[in-house]
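**Q** Here it is, the structure, as structure tokens.
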Amino acid sequence: MSDGIRIPALVCGVILIVFGLVSIFVLSAGDEKKIARCTEETKAVVVRVKEKGKAEDKSLEYTTDLVYTVDEQEYKIRYTLTEDLKMDTKVKMKYNPDDPSEYYIEGIDKTGGGHRVIGAVAIGAGLIVIAISGGVITTRTFG
């Protein structure tokens, strides 16, 4: 690999590794803290479902509005889901008693697991880019 490409490739690899570490440790920790704050339980009710996309090309999604009430205050939330939650379906959710607008619905909301997978993939890709750009892996390595 020429020196004109080697330095930018090394920088790209380092950026991927840093992104991966941030994703694993910072973003997933934020999700875990949010889940820890959401200790009270209530039910959200599906009040609107709008279908978009087509089942034939596997782009079918449902824009789903849910409503929940805490201390006589109503909160409305919207999700784009790949499954159809029927009208008036009740969904168990947890919310933060100090700030009821902060909520978490298990099975719908993403958790740190996704951040960890993305982080691991980014770190792996960064290591591969660094190995290739640093000359550790060359065309001579494979024959």
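If you're wondering about the labels, chains in the structure tokens are A, B, ... by order shown, residues count from 1 in each chain, ligands from 1 in order shown.
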Need to verify the contact set: Leu127 (chain A), 10 Å, only C-alpha atoms, exclusion of same-chain residues closer than 5 positions in sequence. Can you return it as a PyMOL selection string?

**A** chain A and resi 10+13-14+16-17+121-122+132-133

**Q** Using the chain letters and numbers from this document, which residues of region 2-135 of chain A does DSSP assign to strand (DSSP E), as a ChimeraX atom specification?

**A** /A:40-52,61-70,73-81,90-96,99-104

**Q** Take the residues just selected and output them with C-alpha atoms as a compact mmCIF listing (two decimals), in the first residue's frame.

**A**
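Produced file again26.txt, reproduced below:
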# COMPACT_ATOMS: atom_id res chain seq x y z
CA GLU A 40 -42.82 2.75 37.65
CA GLU A 41 -45.08 0.64 35.46
CA THR A 42 -48.22 1.54 33.51
CA LYS A 43 -50.02 0.57 30.33
CA ALA A 44 -49.87 2.43 27.03
CA VAL A 45 -52.81 2.04 24.65
CA VAL A 46 -52.54 2.00 20.85
CA VAL A 47 -54.69 4.88 19.59
CA ARG A 48 -53.61 5.11 15.94
CA VAL A 49 -51.95 2.82 13.41
CA LYS A 50 -50.99 3.99 9.94
CA GLU A 51 -49.63 1.52 7.42
CA LYS A 52 -46.93 2.52 4.95
CA GLU A 61 -44.09 -0.53 8.37
CA TYR A 62 -46.67 0.73 10.81
CA THR A 63 -46.58 4.20 12.35
CA THR A 64 -48.09 3.52 15.74
CA ASP A 65 -49.24 6.12 18.25
CA LEU A 66 -49.60 5.10 21.88
CA VAL A 67 -50.99 7.05 24.81
CA TYR A 68 -50.31 6.60 28.50
CA THR A 69 -51.47 8.54 31.53
CA VAL A 70 -49.54 9.37 34.70
CA GLN A 73 -51.39 13.86 32.58
CA GLU A 74 -51.61 12.22 29.14
CA TYR A 75 -48.47 11.45 27.13
CA LYS A 76 -48.41 10.49 23.46
CA ILE A 77 -45.57 8.57 21.85
CA ARG A 78 -44.97 7.41 18.28
CA TYR A 79 -43.11 4.41 16.95
CA THR A 80 -42.40 3.05 13.51
CA LEU A 81 -42.73 -0.71 13.82
CA LYS A 90 -52.39 -2.38 25.77
CA VAL A 91 -48.62 -2.43 26.07
CA LYS A 92 -46.80 -2.70 29.40
CA MET A 93 -44.24 0.05 29.82
CA LYS A 94 -42.04 1.61 32.46
CA TYR A 95 -41.58 5.33 33.07
CA ASN A 96 -39.45 7.59 35.23
CA ASP A 99 -40.10 12.68 34.69
CA PRO A 100 -42.98 10.63 33.25
CA SER A 101 -42.11 11.74 29.71
CA GLU A 102 -39.05 9.47 29.99
CA TYR A 103 -40.17 5.91 29.30
CA TYR A 104 -39.07 2.51 28.18

**Q** Would you please give, as a PyMOL selection string, all residues of region 1-142 of chain A that DSSP assigns to helix (DSSP H, G or I) based on the backbone?

**A** chain A and resi 3-37+112-133

**Q** Rank nothing, just name the residue among A:Ile105, A:Gly20, A:Glu72, A:Asp88 nearest to Ile35 (chain A), using only C-alpha atoms.

**A**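 Selected residue with least distance to Ile35 (chain A): A:Ile105.
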
**Q** Rounded to one decimal in Å, what is the spacing between CA of Glu83 (chain A) and CA of Asp31 (chain A)?

**A**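 Separation of CA of Glu83 (chain A) and CA of Asp31 (chain A): 23.2 Å.
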
**Q** For CA of Lys33 (chain A) and CA of Leu85 (chain A), determine how far apart the two atoms are, in Å to one decimal place.

**A**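 Answer for the CA of Lys33 (chain A) to CA of Leu85 (chain A) separation: 27.7 Å.
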
**Q** Figure out the distance between CA of Ile24 (chain A) and CA of Gly134 (chain A), please, to one decimal in Å.

**A**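 One can read the CA of Gly134 (chain A) to CA of Ile24 (chain A) distance as 25.3 Å.
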
**Q** Kindly indicate which residue among A:Thr39, A:Gly124, A:Glu106, A:Met87 lies nearest to Ile15 (chain A), using only C-alpha atoms for the distances.

**A**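 Counting only C-alpha atoms, the residue closest to Ile15 (chain A) is A:Gly124.
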